[in-house]
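*Asks:* My structure file final_33.csv, CSV, C-alpha atoms, is below:
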chain,number,residue,atom,x,y,z
A,733,MET,CA,-21.6,241.5,-32.7
A,734,THR,CA,-20.7,245.2,-32.3
A,735,VAL,CA,-18.4,246.7,-29.7
A,736,SER,CA,-21.4,248.6,-28.2
A,737,ALA,CA,-23.3,245.4,-27.9
A,738,LEU,CA,-20.6,243.9,-25.9
A,739,THR,CA,-20.9,246.7,-23.4
A,740,ARG,CA,-24.4,245.7,-22.5
A,741,PRO,CA,-24.5,243.4,-19.4
A,742,GLY,CA,-26.7,240.8,-21.1
A,743,GLU,CA,-24.3,240.4,-24.0
A,744,ARG,CA,-21.3,240.2,-21.8
A,745,ASP,CA,-22.9,237.6,-19.6
A,746,ARG,CA,-23.8,235.5,-22.6
A,747,LEU,CA,-20.3,235.8,-24.0
A,748,ILE,CA,-18.8,234.8,-20.6
A,749,VAL,CA,-21.1,231.7,-20.4
A,750,LYS,CA,-20.0,230.7,-23.9
A,751,LEU,CA,-16.3,231.1,-23.1
A,752,SER,CA,-16.8,229.0,-19.9
A,753,GLU,CA,-18.3,226.2,-22.1
A,754,ILE,CA,-15.1,225.8,-24.1
A,755,ASP,CA,-13.1,222.7,-23.2
A,756,TRP,CA,-10.1,224.4,-21.7
A,757,VAL,CA,-8.4,221.0,-21.0
A,758,PHE,CA,-8.6,220.5,-24.8
A,759,VAL,CA,-7.0,223.9,-25.3
A,760,LEU,CA,-4.2,222.9,-22.9
A,761,VAL,CA,-3.5,219.6,-24.7
A,762,LEU,CA,-3.3,221.4,-28.1
A,763,SER,CA,-0.9,223.9,-26.5
A,764,LEU,CA,1.3,221.1,-25.2
A,765,ILE,CA,1.6,219.5,-28.7
A,766,ALA,CA,2.4,222.9,-30.3
A,767,GLY,CA,4.9,223.6,-27.5
A,768,ALA,CA,6.6,220.3,-28.2
A,769,GLY,CA,6.7,221.2,-31.8
A,770,ALA,CA,8.4,224.5,-31.0
A,771,LEU,CA,11.0,222.8,-28.9
A,772,MET,CA,11.8,220.4,-31.7
A,773,LEU,CA,12.0,223.1,-34.3
A,774,PHE,CA,14.3,225.1,-31.9
A,775,SER,CA,16.5,222.0,-31.6
A,776,MET,CA,16.6,221.3,-35.4
A,777,ALA,CA,17.6,224.8,-36.1
A,778,GLY,CA,20.7,224.4,-34.0
A,779,SER,CA,19.3,225.9,-30.8
A,780,SER,CA,17.9,228.9,-32.6
A,781,TRP,CA,14.4,230.4,-32.5
A,782,MET,CA,14.8,231.3,-36.2
A,783,PRO,CA,13.6,230.4,-38.8
A,784,TRP,CA,11.0,228.0,-37.5
A,785,ALA,CA,10.3,227.9,-33.8
A,786,ALA,CA,9.4,231.5,-33.3
A,787,ALA,CA,7.1,231.6,-36.3
A,788,HIS,CA,5.5,228.3,-35.2
A,789,LEU,CA,4.6,229.7,-31.7
A,790,GLY,CA,3.4,233.0,-33.2
A,791,ARG,CA,1.1,231.3,-35.6
A,792,PHE,CA,-0.3,228.9,-32.9
A,793,ALA,CA,-1.0,231.8,-30.5
A,794,LEU,CA,-2.8,233.7,-33.2
A,795,LEU,CA,-4.8,230.7,-34.4
A,796,LEU,CA,-5.6,229.7,-30.9
A,797,LEU,CA,-7.4,233.1,-30.5
A,798,VAL,CA,-9.1,232.4,-33.9
A,799,MET,CA,-10.2,229.0,-32.6
A,800,ILE,CA,-11.8,230.6,-29.5
A,801,VAL,CA,-13.6,233.2,-31.6
A,802,LEU,CA,-14.9,230.4,-33.9
A,803,ALA,CA,-16.0,228.5,-30.8
A,804,VAL,CA,-18.5,231.2,-29.8
A,805,VAL,CA,-20.0,231.4,-33.3
A,806,ASP,CA,-23.5,230.0,-33.3
A,807,LEU,CA,-23.8,226.5,-34.8
A,808,ARG,CA,-26.6,227.8,-37.1
A,809,VAL,CA,-24.0,230.1,-38.7
A,810,TRP,CA,-21.8,227.1,-39.5
A,811,PHE,CA,-24.9,225.4,-40.9
A,812,ALA,CA,-25.7,228.4,-43.1
A,813,ILE,CA,-22.2,228.8,-44.6
A,814,ALA,CA,-21.8,225.0,-45.3
A,815,TYR,CA,-22.8,224.9,-48.9
A,816,PRO,CA,-21.4,228.4,-49.8
A,817,LEU,CA,-18.0,227.5,-48.3
A,818,TYR,CA,-18.0,224.2,-50.3
A,819,GLY,CA,-19.0,226.0,-53.5
A,820,PHE,CA,-16.3,228.7,-52.9
A,821,GLY,CA,-13.7,226.0,-52.3
A,822,LEU,CA,-14.6,224.4,-55.7
A,823,LEU,CA,-14.3,227.7,-57.4
A,824,LEU,CA,-10.9,228.3,-55.9
A,825,LEU,CA,-9.8,224.8,-57.0
A,826,VAL,CA,-10.9,225.6,-60.6
A,827,ALA,CA,-9.0,228.9,-60.4
A,828,VAL,CA,-5.9,227.0,-59.4
A,829,GLU,CA,-6.2,225.0,-62.7
A,830,ALA,CA,-6.5,228.3,-64.6
A,831,VAL,CA,-4.1,230.7,-62.9
A,832,GLY,CA,-2.4,228.8,-60.1
A,833,ASP,CA,1.3,229.1,-59.3
A,834,VAL,CA,3.5,226.2,-60.3
A,835,ARG,CA,6.1,225.2,-57.7
A,836,LEU,CA,8.2,222.1,-57.7
A,837,GLY,CA,6.3,220.7,-60.6
A,838,ALA,CA,2.9,221.1,-58.9
A,839,GLN,CA,0.1,223.7,-59.5
A,840,ARG,CA,-1.4,224.0,-56.1
A,841,TRP,CA,-1.2,227.7,-55.0
A,842,LEU,CA,-3.1,230.9,-55.6
A,843,SER,CA,-1.4,234.2,-55.1
A,844,ILE,CA,-3.2,237.4,-54.0
A,845,GLY,CA,-0.7,240.2,-53.8
A,846,PRO,CA,2.1,239.1,-51.5
A,847,PHE,CA,0.1,236.3,-50.1
A,848,SER,CA,-0.2,232.7,-51.4
A,849,PHE,CA,-2.3,229.8,-50.2
A,850,GLN,CA,-3.5,226.4,-51.1
A,851,PRO,CA,-7.3,226.3,-51.8
A,852,SER,CA,-7.4,222.6,-51.1
A,853,GLU,CA,-7.1,223.5,-47.4
A,854,VAL,CA,-10.4,225.4,-47.7
A,855,MET,CA,-12.0,222.3,-49.1
A,856,LYS,CA,-10.9,220.1,-46.1
A,857,LEU,CA,-13.3,222.1,-43.9
A,858,GLY,CA,-15.8,222.7,-46.7
A,859,ILE,CA,-16.4,219.0,-47.4
A,860,VAL,CA,-17.0,218.4,-43.7
A,861,LEU,CA,-19.6,221.1,-43.4
A,862,ALA,CA,-21.3,220.4,-46.7
A,863,LEU,CA,-21.7,216.7,-46.0
A,864,ALA,CA,-22.8,217.3,-42.4
A,865,ARG,CA,-25.5,219.7,-43.7
A,866,LEU,CA,-26.5,217.2,-46.5
A,867,TYR,CA,-27.1,214.5,-44.0
A,868,HIS,CA,-28.8,216.7,-41.4
A,869,GLY,CA,-32.3,215.6,-41.0
A,870,VAL,CA,-32.0,212.8,-43.5
A,871,PRO,CA,-33.9,209.7,-42.5
A,872,ALA,CA,-31.7,206.7,-41.5
A,873,GLN,CA,-33.2,204.6,-44.3
A,874,ARG,CA,-32.1,207.1,-47.0
A,875,ALA,CA,-28.6,207.4,-45.5
A,876,ARG,CA,-28.3,203.6,-46.0
A,877,LEU,CA,-29.6,203.5,-49.6
A,878,SER,CA,-27.2,202.8,-52.4
A,879,TRP,CA,-28.8,205.0,-55.1
A,880,TRP,CA,-28.9,208.1,-52.9
A,881,LEU,CA,-25.1,207.8,-52.4
A,882,PHE,CA,-24.6,209.4,-55.8
A,883,VAL,CA,-25.1,212.8,-54.3
A,884,PRO,CA,-22.5,212.6,-51.5
A,885,ALA,CA,-20.2,210.6,-53.7
A,886,THR,CA,-20.3,213.4,-56.3
A,887,MET,CA,-19.7,216.0,-53.7
A,888,ILE,CA,-16.6,214.1,-52.6
A,889,ALA,CA,-15.3,213.2,-56.1
A,890,LEU,CA,-15.3,216.7,-57.5
A,891,PRO,CA,-12.7,218.2,-55.1
A,892,VAL,CA,-10.7,215.0,-55.0
A,893,LEU,CA,-10.3,214.9,-58.7
A,894,LEU,CA,-9.4,218.6,-58.9
A,895,VAL,CA,-6.8,218.2,-56.1
A,896,ALA,CA,-5.4,215.0,-57.5
A,897,HIS,CA,-4.9,216.7,-60.9
A,898,GLN,CA,-2.7,219.5,-59.3
A,899,PRO,CA,-1.1,216.9,-58.4
A,900,ASP,CA,-1.5,216.5,-54.6
A,901,LEU,CA,-2.1,212.9,-53.8
A,902,GLY,CA,-1.8,213.4,-50.0
A,903,THR,CA,-4.5,216.1,-49.8
A,904,ALA,CA,-6.7,214.3,-52.2
A,905,MET,CA,-6.5,211.2,-50.0
A,906,LEU,CA,-7.4,213.3,-46.9
A,907,ILE,CA,-10.4,214.8,-48.5
A,908,ALA,CA,-11.6,211.5,-49.8
A,909,LEU,CA,-11.1,209.6,-46.5
A,910,THR,CA,-12.7,212.4,-44.5
A,911,GLY,CA,-15.7,212.4,-46.8
A,912,ALA,CA,-16.0,208.7,-46.6
A,913,ALA,CA,-15.8,208.8,-42.8
A,914,ILE,CA,-18.8,211.2,-42.6
A,915,VAL,CA,-20.8,209.0,-45.0
A,916,VAL,CA,-20.1,206.0,-42.9
A,917,LEU,CA,-20.9,207.8,-39.6
A,918,ALA,CA,-24.2,209.1,-41.2
A,919,GLY,CA,-25.5,205.5,-41.3
A,920,LEU,CA,-24.2,203.7,-44.4
A,921,SER,CA,-25.1,200.1,-44.3
A,922,TRP,CA,-22.2,197.6,-43.5
A,923,ARG,CA,-23.0,195.6,-46.6
A,924,LEU,CA,-22.3,198.7,-48.8
A,925,ILE,CA,-19.2,199.4,-46.8
A,926,ALA,CA,-17.9,195.9,-47.5
A,927,ILE,CA,-18.7,196.2,-51.2
A,928,PHE,CA,-17.0,199.6,-51.5
A,929,SER,CA,-13.9,198.3,-49.5
A,930,VAL,CA,-13.5,195.3,-51.8
A,931,THR,CA,-13.9,197.5,-54.9
A,932,ALA,CA,-11.3,200.0,-53.6
A,933,ILE,CA,-8.8,197.2,-53.0
A,934,ALA,CA,-9.4,195.8,-56.4
A,935,ALA,CA,-8.8,199.2,-58.0
A,936,VAL,CA,-5.4,199.7,-56.4
A,937,VAL,CA,-3.3,198.1,-59.1
A,938,PRO,CA,-5.1,199.6,-62.1
A,939,MET,CA,-4.9,203.0,-60.4
A,940,ILE,CA,-1.2,202.7,-59.8
A,941,THR,CA,-0.7,201.5,-63.3
A,942,PHE,CA,-2.8,203.9,-65.3
A,943,VAL,CA,-3.8,206.9,-63.1
A,944,LEU,CA,-0.9,208.0,-60.9
A,945,HIS,CA,2.0,210.2,-62.2
A,946,ASP,CA,5.4,208.7,-62.7
A,947,TYR,CA,6.8,210.2,-59.5
A,948,GLN,CA,3.8,209.1,-57.4
A,949,ARG,CA,4.2,205.5,-58.8
A,950,GLU,CA,7.9,205.7,-57.9
A,951,ARG,CA,7.0,206.7,-54.3
A,952,ILE,CA,4.9,203.5,-54.0
A,953,PHE,CA,7.6,201.3,-55.4
A,954,THR,CA,10.2,203.0,-53.1
A,955,PHE,CA,7.9,202.4,-50.1
A,956,LEU,CA,7.8,198.7,-51.0
A,957,ASN,CA,11.5,198.4,-51.4
A,958,PRO,CA,13.4,201.6,-50.2
A,959,GLU,CA,16.8,199.7,-50.3
A,960,SER,CA,16.6,199.5,-54.1
A,961,ASP,CA,17.6,203.2,-54.3
A,962,PRO,CA,19.1,204.3,-51.0
A,963,SER,CA,20.7,207.5,-52.2
A,964,GLY,CA,17.7,208.5,-54.4
A,965,SER,CA,14.0,207.9,-54.1
A,966,GLY,CA,14.5,205.7,-51.0
A,967,TYR,CA,16.6,208.2,-49.1
A,968,HIS,CA,13.7,209.9,-47.2
A,969,ILE,CA,12.2,206.6,-45.8
A,970,LEU,CA,15.6,205.1,-44.9
A,971,GLN,CA,16.8,208.2,-43.1
A,972,SER,CA,13.6,208.4,-41.2
A,973,MET,CA,13.8,204.8,-40.2
A,974,ILE,CA,17.4,205.3,-39.0
A,975,ALA,CA,16.3,208.3,-36.9
A,976,LEU,CA,13.4,206.3,-35.4
A,977,GLY,CA,15.6,203.3,-34.6
A,978,SER,CA,18.6,205.2,-33.3
A,979,GLY,CA,16.5,206.9,-30.6
A,980,GLY,CA,16.0,203.7,-28.6
A,981,LEU,CA,14.0,203.8,-25.4
A,982,LEU,CA,15.0,207.2,-24.1
A,983,GLY,CA,16.6,208.9,-27.1
A,984,LYS,CA,19.9,210.5,-27.7
A,985,GLY,CA,19.0,213.7,-25.8
A,986,TYR,CA,17.6,217.1,-26.6
A,987,GLY,CA,19.6,218.7,-29.4
A,988,LEU,CA,21.8,215.6,-29.9
A,989,GLY,CA,20.0,213.9,-32.8
A,990,SER,CA,22.6,213.3,-35.5
A,991,GLN,CA,20.1,212.6,-38.3
A,992,SER,CA,18.4,216.0,-37.9
A,993,GLN,CA,21.3,218.1,-36.5
A,994,LEU,CA,23.6,217.0,-39.4
A,995,ASN,CA,20.8,217.4,-42.0
A,996,PHE,CA,20.7,213.7,-43.0
A,997,LEU,CA,17.0,213.7,-42.3
A,998,PRO,CA,15.2,215.5,-45.2
A,999,GLU,CA,12.3,217.8,-44.7
A,1000,LYS,CA,13.0,217.5,-41.0
A,1001,GLN,CA,10.9,220.5,-39.9
A,1002,THR,CA,7.8,219.5,-41.9
A,1003,ASP,CA,7.2,215.9,-43.0
A,1004,PHE,CA,9.7,214.2,-40.7
A,1005,ALA,CA,9.4,216.2,-37.4
A,1006,PHE,CA,8.1,213.1,-35.7
A,1007,ALA,CA,11.2,211.1,-36.7
A,1008,ALA,CA,13.4,213.9,-35.3
A,1009,LEU,CA,11.5,213.7,-32.0
A,1010,ALA,CA,11.9,209.9,-31.9
A,1011,GLU,CA,15.6,210.3,-32.3
A,1012,GLU,CA,16.1,212.8,-29.5
A,1013,PHE,CA,13.4,211.5,-27.0
A,1014,GLY,CA,13.2,207.8,-28.0
A,1015,PHE,CA,10.2,205.5,-27.7
A,1016,LEU,CA,9.0,207.2,-24.5
A,1017,GLY,CA,8.9,210.5,-26.2
A,1018,CYS,CA,6.9,209.1,-29.1
A,1019,ILE,CA,4.4,207.4,-26.8
A,1020,SER,CA,4.0,210.7,-24.8
A,1021,ILE,CA,3.2,212.8,-27.9
A,1022,LEU,CA,0.9,210.1,-29.3
A,1023,ALA,CA,-0.9,210.0,-26.0
A,1024,LEU,CA,-1.5,213.8,-26.3
A,1025,TYR,CA,-2.9,213.2,-29.9
A,1026,ALA,CA,-5.1,210.4,-28.6
A,1027,ALA,CA,-6.4,212.7,-25.8
A,1028,VAL,CA,-7.3,215.4,-28.4
A,1029,ILE,CA,-9.1,212.8,-30.6
A,1030,PHE,CA,-11.0,211.4,-27.6
A,1031,MET,CA,-12.2,214.8,-26.3
A,1032,ALA,CA,-13.2,215.9,-29.8
A,1033,LEU,CA,-15.2,212.7,-30.4
A,1034,ARG,CA,-16.8,213.0,-27.0
A,1035,THR,CA,-17.9,216.5,-28.0
A,1036,ALA,CA,-19.5,215.1,-31.2
A,1037,TYR,CA,-21.3,212.5,-29.1
A,1038,LEU,CA,-22.7,215.1,-26.7
A,1039,SER,CA,-24.2,217.3,-29.5
A,1040,HIS,CA,-28.0,217.2,-29.7
A,1041,SER,CA,-28.1,218.0,-33.5
A,1042,HIS,CA,-27.2,215.6,-36.2
A,1043,PHE,CA,-25.3,218.4,-38.0
A,1044,GLY,CA,-23.2,219.1,-34.9
A,1045,ARG,CA,-22.4,215.4,-34.5
A,1046,LEU,CA,-21.3,214.9,-38.1
A,1047,ALA,CA,-19.4,218.2,-38.3
A,1048,ALA,CA,-17.4,217.6,-35.2
A,1049,SER,CA,-16.7,214.0,-36.2
A,1050,GLY,CA,-15.6,215.1,-39.7
A,1051,ALA,CA,-13.2,217.7,-38.3
A,1052,THR,CA,-11.8,215.1,-35.9
A,1053,ALA,CA,-11.5,212.6,-38.7
A,1054,THR,CA,-9.3,215.1,-40.7
A,1055,PHE,CA,-7.0,215.6,-37.7
A,1056,THR,CA,-6.8,211.8,-37.0
A,1057,LEU,CA,-5.9,211.1,-40.7
A,1058,TYR,CA,-3.1,213.6,-40.5
A,1059,VAL,CA,-1.7,211.8,-37.4
A,1060,LEU,CA,-2.1,208.3,-38.8
A,1061,ILE,CA,-0.8,209.0,-42.3
A,1062,ASN,CA,2.3,210.9,-41.1
A,1063,GLY,CA,3.0,208.3,-38.4
A,1064,ALA,CA,2.8,205.5,-41.0
A,1065,MET,CA,4.9,207.5,-43.4
A,1066,VAL,CA,7.8,208.2,-41.1
A,1067,MET,CA,7.8,204.5,-40.0
A,1068,GLY,CA,8.0,203.2,-43.5
A,1069,LEU,CA,4.5,201.8,-43.4
A,1070,ALA,CA,3.1,204.1,-46.1
A,1071,PRO,CA,4.5,206.0,-49.1
A,1072,VAL,CA,5.8,209.5,-48.6
A,1073,VAL,CA,2.9,211.8,-49.6
A,1074,GLY,CA,3.8,215.1,-48.0
A,1075,VAL,CA,1.4,215.0,-45.0
A,1076,PRO,CA,2.9,216.7,-41.9
A,1077,MET,CA,2.2,215.8,-38.3
A,1078,PRO,CA,-0.3,218.4,-37.2
A,1079,LEU,CA,0.8,221.1,-34.7
A,1080,LEU,CA,4.2,219.3,-34.2
A,1081,SER,CA,5.5,220.0,-37.7
A,1082,TYR,CA,6.3,223.5,-39.2
A,1083,GLY,CA,3.7,224.8,-41.6
A,1084,GLY,CA,1.1,227.5,-41.4
A,1085,THR,CA,-1.4,226.2,-43.9
A,1086,VAL,CA,-2.0,222.9,-42.1
A,1087,MET,CA,-2.2,224.6,-38.8
A,1088,VAL,CA,-4.9,227.0,-40.1
A,1089,THR,CA,-6.9,224.0,-41.3
A,1090,VAL,CA,-6.5,222.1,-38.0
A,1091,MET,CA,-7.3,225.1,-35.7
A,1092,ALA,CA,-10.3,226.1,-37.8
A,1093,GLY,CA,-11.6,222.6,-37.6
A,1094,PHE,CA,-11.2,222.6,-33.8
A,1095,GLY,CA,-13.0,225.9,-33.7
A,1096,LEU,CA,-15.9,224.1,-35.3
A,1097,VAL,CA,-15.5,221.3,-32.8
A,1098,GLN,CA,-15.6,223.7,-29.8
A,1099,SER,CA,-18.6,225.5,-31.4
A,1100,VAL,CA,-20.4,222.2,-31.4
A,1101,ARG,CA,-19.5,221.8,-27.7
A,1102,VAL,CA,-20.5,225.4,-26.7
A,1103,HIS,CA,-23.8,225.1,-28.7
A,1104,ARG,CA,-24.5,221.4,-28.1
A,1105,TYR,CA,-28.1,222.0,-27.0
A,1106,ALA,CA,-28.7,224.4,-29.9
A,1107,GLU,CA,-31.5,223.8,-32.5
A,1108,VAL,CA,-30.2,223.9,-36.1
A,1109,THR,CA,-32.8,225.1,-38.6
A,1110,SER,CA,-33.0,224.4,-42.3
A,1111,GLY,CA,-35.5,225.6,-44.9
A,1112,LYS,CA,-37.5,222.4,-44.3
A,1113,GLY,CA,-37.9,222.7,-40.6
A,1114,SER,CA,-35.9,222.3,-37.4
A,1115,PHE,CA,-33.9,219.3,-36.3
A,1116,VAL,CA,-32.2,218.5,-33.0
With the file now loaded, output its structure as structure tokens.
*Replies:*
Amino acid sequence: MTVSALTRPGERDRLIVKLSEIDWVFVLVLSLIAGAGALMLFSMAGSSWMPWAAAHLGRFALLLLVMIVLAVVDLRVWFAIAYPLYGFGLLLLVAVEAVGDVRLGAQRWLSIGPFSFQPSEVMKLGIVLALARLYHGVPAQRARLSWWLFVPATMIALPVLLVAHQPDLGTAMLIALTGAAIVVLAGLSWRLIAIFSVTAIAAVVPMITFVLHDYQRERIFTFLNPESDPSGSGYHILQSMIALGSGGLLGKGYGLGSQSQLNFLPEKQTDFAFAALAEEFGFLGCISILALYAAVIFMALRTAYLSHSHFGRLAASGATATFTLYVLINGAMVMGLAPVVGVPMPLLSYGGTVMVTVMAGFGLVQSVRVHRYAEVTSGKGSFV
């Protein structure tokens, strides 16, 4: 849309209508979570806006504008770019294998001039769009069939294997679980779900024994018994659990968390921001922030439910599934209920890459809301 087009009354009116269809309560709740994150980052830096809180707020403000812009993008545009974005994401993951930067023993980043990014983040949105397009217009019977699952299973497995090889187990899990969620929501039979679940459980021990790297295997053993190495591999989980427990009902008070303020809590601004919040604001603070997360998930799923197109329903549900998995995995991780896999708490933790993924996904969700009555067209016809 050109600047001159926006000057025409009809174009302006349509844009105003689209903006009015955005769920502004949803925007408010996202802002409250990001604001709480900024307050915690300010506290953890010793009552300083630098180096985390100011950057966190600046990124969120910019990405909130990006989300609003994405919300007015026609749903048919998302449909058109689904396969190209997925293919582009695969190419970037292959490029990481060839020329990616190695940091902390992992080859996950691509550098373009002064900028670097993780292509796996592109795939988190790419897999959602590609699977939503694949299942768009597919008859319910085919979505239930076992033999046809080879196609979506391959689409999920390719990026998962590439990301796991970097290695990045946390992101590989997110992509795999998000893809599985879309396949299930598309109509997979409960019999097959049960079979796949039993197979996955049976494959856990062989996978830990023969597939995982030594440090990943150590994380799992540490998760099962963190007291076995309290000053080494178990340090992260133990310090996080101390922070959670010491907060009590009401917390120690803002800026008074000893675990975070005295740097006992590792990666406090990223992986363990939720533990720092628990120490300073206690159980009530945790319940409050989790209620905001629950509100975001509920509103996003309601948007998916209201969409008149199967593509819109699956796309919005997939983006919401990614966000939900971030919350569940990080929450379980800081409470010692899951191994430490480097998954941050979205919008609360510091980190631009994850925030870009989350806000782009919510731009898609709001686009589904704004265009919930839109007809999505493929080369084989139109489906609503």
*Asks:* Could you state the separation of CA of Leu924 in chain A and CA of Ala875 in chain A in Å, given to one decimal place?
*Replies:*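 Interatomic distance here is 11.2 Å.
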*Asks:* If you count only C-alpha atoms, which residues fall within 6 Å of range 902-918 of chain A, apart from same-chain ones fewer than 6 positions away, as a PyMOL selection string?
*Replies:* chain A and resi 856+892+895-896+1050+1053-1054+1073
*Asks:* Got a sec: who's within 10 Å of range 863-874 of chain A, counting all atoms listed in the file, leaving out chain neighbours fewer than 3 positions off, as an MDAnalysis selection string?
*Replies:* chainID A and resid 810:815 818 858:860 877:881 883:885 887:888 911:912 914:915 918:921 1041:1050 1108:1110 1112:1116
*Asks:* How would the residues just chosen look if you wrote them out with C-alpha atoms as a compact mmCIF listing (two decimals), keeping the file's coordinate frame?
*Replies:*
# COMPACT_ATOMS: atom_id res chain seq x y z
CA TRP A 810 -21.80 227.10 -39.50
CA PHE A 811 -24.90 225.40 -40.90
CA ALA A 812 -25.70 228.40 -43.10
CA ILE A 813 -22.20 228.80 -44.60
CA ALA A 814 -21.80 225.00 -45.30
CA TYR A 815 -22.80 224.90 -48.90
CA TYR A 818 -18.00 224.20 -50.30
CA GLY A 858 -15.80 222.70 -46.70
CA ILE A 859 -16.40 219.00 -47.40
CA VAL A 860 -17.00 218.40 -43.70
CA LEU A 877 -29.60 203.50 -49.60
CA SER A 878 -27.20 202.80 -52.40
CA TRP A 879 -28.80 205.00 -55.10
CA TRP A 880 -28.90 208.10 -52.90
CA LEU A 881 -25.10 207.80 -52.40
CA VAL A 883 -25.10 212.80 -54.30
CA PRO A 884 -22.50 212.60 -51.50
CA ALA A 885 -20.20 210.60 -53.70
CA MET A 887 -19.70 216.00 -53.70
CA ILE A 888 -16.60 214.10 -52.60
CA GLY A 911 -15.70 212.40 -46.80
CA ALA A 912 -16.00 208.70 -46.60
CA ILE A 914 -18.80 211.20 -42.60
CA VAL A 915 -20.80 209.00 -45.00
CA ALA A 918 -24.20 209.10 -41.20
CA GLY A 919 -25.50 205.50 -41.30
CA LEU A 920 -24.20 203.70 -44.40
CA SER A 921 -25.10 200.10 -44.30
CA SER A 1041 -28.10 218.00 -33.50
CA HIS A 1042 -27.20 215.60 -36.20
CA PHE A 1043 -25.30 218.40 -38.00
CA GLY A 1044 -23.20 219.10 -34.90
CA ARG A 1045 -22.40 215.40 -34.50
CA LEU A 1046 -21.30 214.90 -38.10
CA ALA A 1047 -19.40 218.20 -38.30
CA ALA A 1048 -17.40 217.60 -35.20
CA SER A 1049 -16.70 214.00 -36.20
CA GLY A 1050 -15.60 215.10 -39.70
CA VAL A 1108 -30.20 223.90 -36.10
CA THR A 1109 -32.80 225.10 -38.60
CA SER A 1110 -33.00 224.40 -42.30
CA LYS A 1112 -37.50 222.40 -44.30
CA GLY A 1113 -37.90 222.70 -40.60
CA SER A 1114 -35.90 222.30 -37.40
CA PHE A 1115 -33.90 219.30 -36.30
CA VAL A 1116 -32.20 218.50 -33.00
*Asks:* In terms of the shortest atom-to-atom distance over only C-alpha atoms, which of A:Tyr986, A:Phe820, A:Phe1055, A:Tyr1082 is closest to Ala785 in chain A?
*Replies:* A:Tyr1082
*Asks:* CA of Gly979 in chain A and CA of Ala1010 in chain A, how far apart in Å?
*Replies:*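 Answer for the CA of Ala1010 in chain A to CA of Gly979 in chain A separation: 5.6 Å.
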*Asks:* Calculate how many Å separate CA of His1103 in chain A from CA of Lys750 in chain A, rounding to one decimal.
*Replies:*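 Straight-line distance from CA of His1103 in chain A to CA of Lys750 in chain A works out to 8.3 Å.
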*Asks:* Using only C-alpha atoms, which protein or nucleic acid residues come within 10 Å of Leu1060 in chain A? Drop anything in the same chain fewer than 3 positions from it, and give the result as a list in words.
*Replies:*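 Once the nearby chain positions are removed, what remains is Phe1055, Thr1056, Leu1057, Gly1063, Ala1064, Met1065, Ala1070, Val1075 and Met1077 of chain A.
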*Asks:* What's around range 993-1003 of chain A at 9 Å? Count only C-alpha atoms, leave out sequence neighbours fewer than 6 positions away in its own chain, and write the answer as a PDB file with C-alpha atoms, keeping the file's coordinate frame.
*Replies:*
ATOM      1  CA  MET A 772      11.800 220.400 -31.700  1.00  0.00           C
ATOM      2  CA  LEU A 773      12.000 223.100 -34.300  1.00  0.00           C
ATOM      3  CA  SER A 775      16.500 222.000 -31.600  1.00  0.00           C
ATOM      4  CA  MET A 776      16.600 221.300 -35.400  1.00  0.00           C
ATOM      5  CA  ALA A 777      17.600 224.800 -36.100  1.00  0.00           C
ATOM      6  CA  GLY A 778      20.700 224.400 -34.000  1.00  0.00           C
ATOM      7  CA  TRP A 784      11.000 228.000 -37.500  1.00  0.00           C
ATOM      8  CA  TYR A 967      16.600 208.200 -49.100  1.00  0.00           C
ATOM      9  CA  HIS A 968      13.700 209.900 -47.200  1.00  0.00           C
ATOM     10  CA  GLN A 971      16.800 208.200 -43.100  1.00  0.00           C
ATOM     11  CA  SER A 972      13.600 208.400 -41.200  1.00  0.00           C
ATOM     12  CA  ALA A 975      16.300 208.300 -36.900  1.00  0.00           C
ATOM     13  CA  GLY A 987      19.600 218.700 -29.400  1.00  0.00           C
ATOM     14  CA  ASN A1062       2.300 210.900 -41.100  1.00  0.00           C
ATOM     15  CA  MET A1065       4.900 207.500 -43.400  1.00  0.00           C
ATOM     16  CA  VAL A1066       7.800 208.200 -41.100  1.00  0.00           C
ATOM     17  CA  VAL A1072       5.800 209.500 -48.600  1.00  0.00           C
ATOM     18  CA  VAL A1073       2.900 211.800 -49.600  1.00  0.00           C
ATOM     19  CA  GLY A1074       3.800 215.100 -48.000  1.00  0.00           C
ATOM     20  CA  VAL A1075       1.400 215.000 -45.000  1.00  0.00           C
ATOM     21  CA  PRO A1076       2.900 216.700 -41.900  1.00  0.00           C
ATOM     22  CA  MET A1077       2.200 215.800 -38.300  1.00  0.00           C
ATOM     23  CA  LEU A1080       4.200 219.300 -34.200  1.00  0.00           C
ATOM     24  CA  SER A1081       5.500 220.000 -37.700  1.00  0.00           C
ATOM     25  CA  TYR A1082       6.300 223.500 -39.200  1.00  0.00           C
ATOM     26  CA  GLY A1083       3.700 224.800 -41.600  1.00  0.00           C
TER      27      GLY A1083
END
*Asks:* Which of these residues is nearest to Cys1018 in chain A, using only C-alpha atoms: A:Ile800, A:Val809, A:Leu976, A:Leu760?
*Replies:*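 Of the candidates, the smallest distance to Cys1018 in chain A is held by A:Leu976.
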*Asks:* For range 1026-1029 of chain A, please output as a ChimeraX atom specification all residues within 12 Å (counting all atoms listed in the file; exclusion window: fewer than 2 positions along the same chain).
*Replies:* /A:755-765,1019-1024,1031-1036,1048-1060,1078-1079,1090,1094,1097-1098
*Asks:* Here is a test: counting all atoms listed in the file, which residue of A:Ala935, A:Ala926, A:Met855, A:Leu970 is nearest to Leu822 in chain A?
*Replies:* A:Met855
*Asks:* Which residue out of A:Met799, A:Leu789, A:Val1086, A:Val930 has the minimum interatomic distance to Gly769 in chain A when only C-alpha atoms are used?
*Replies:* A:Leu789
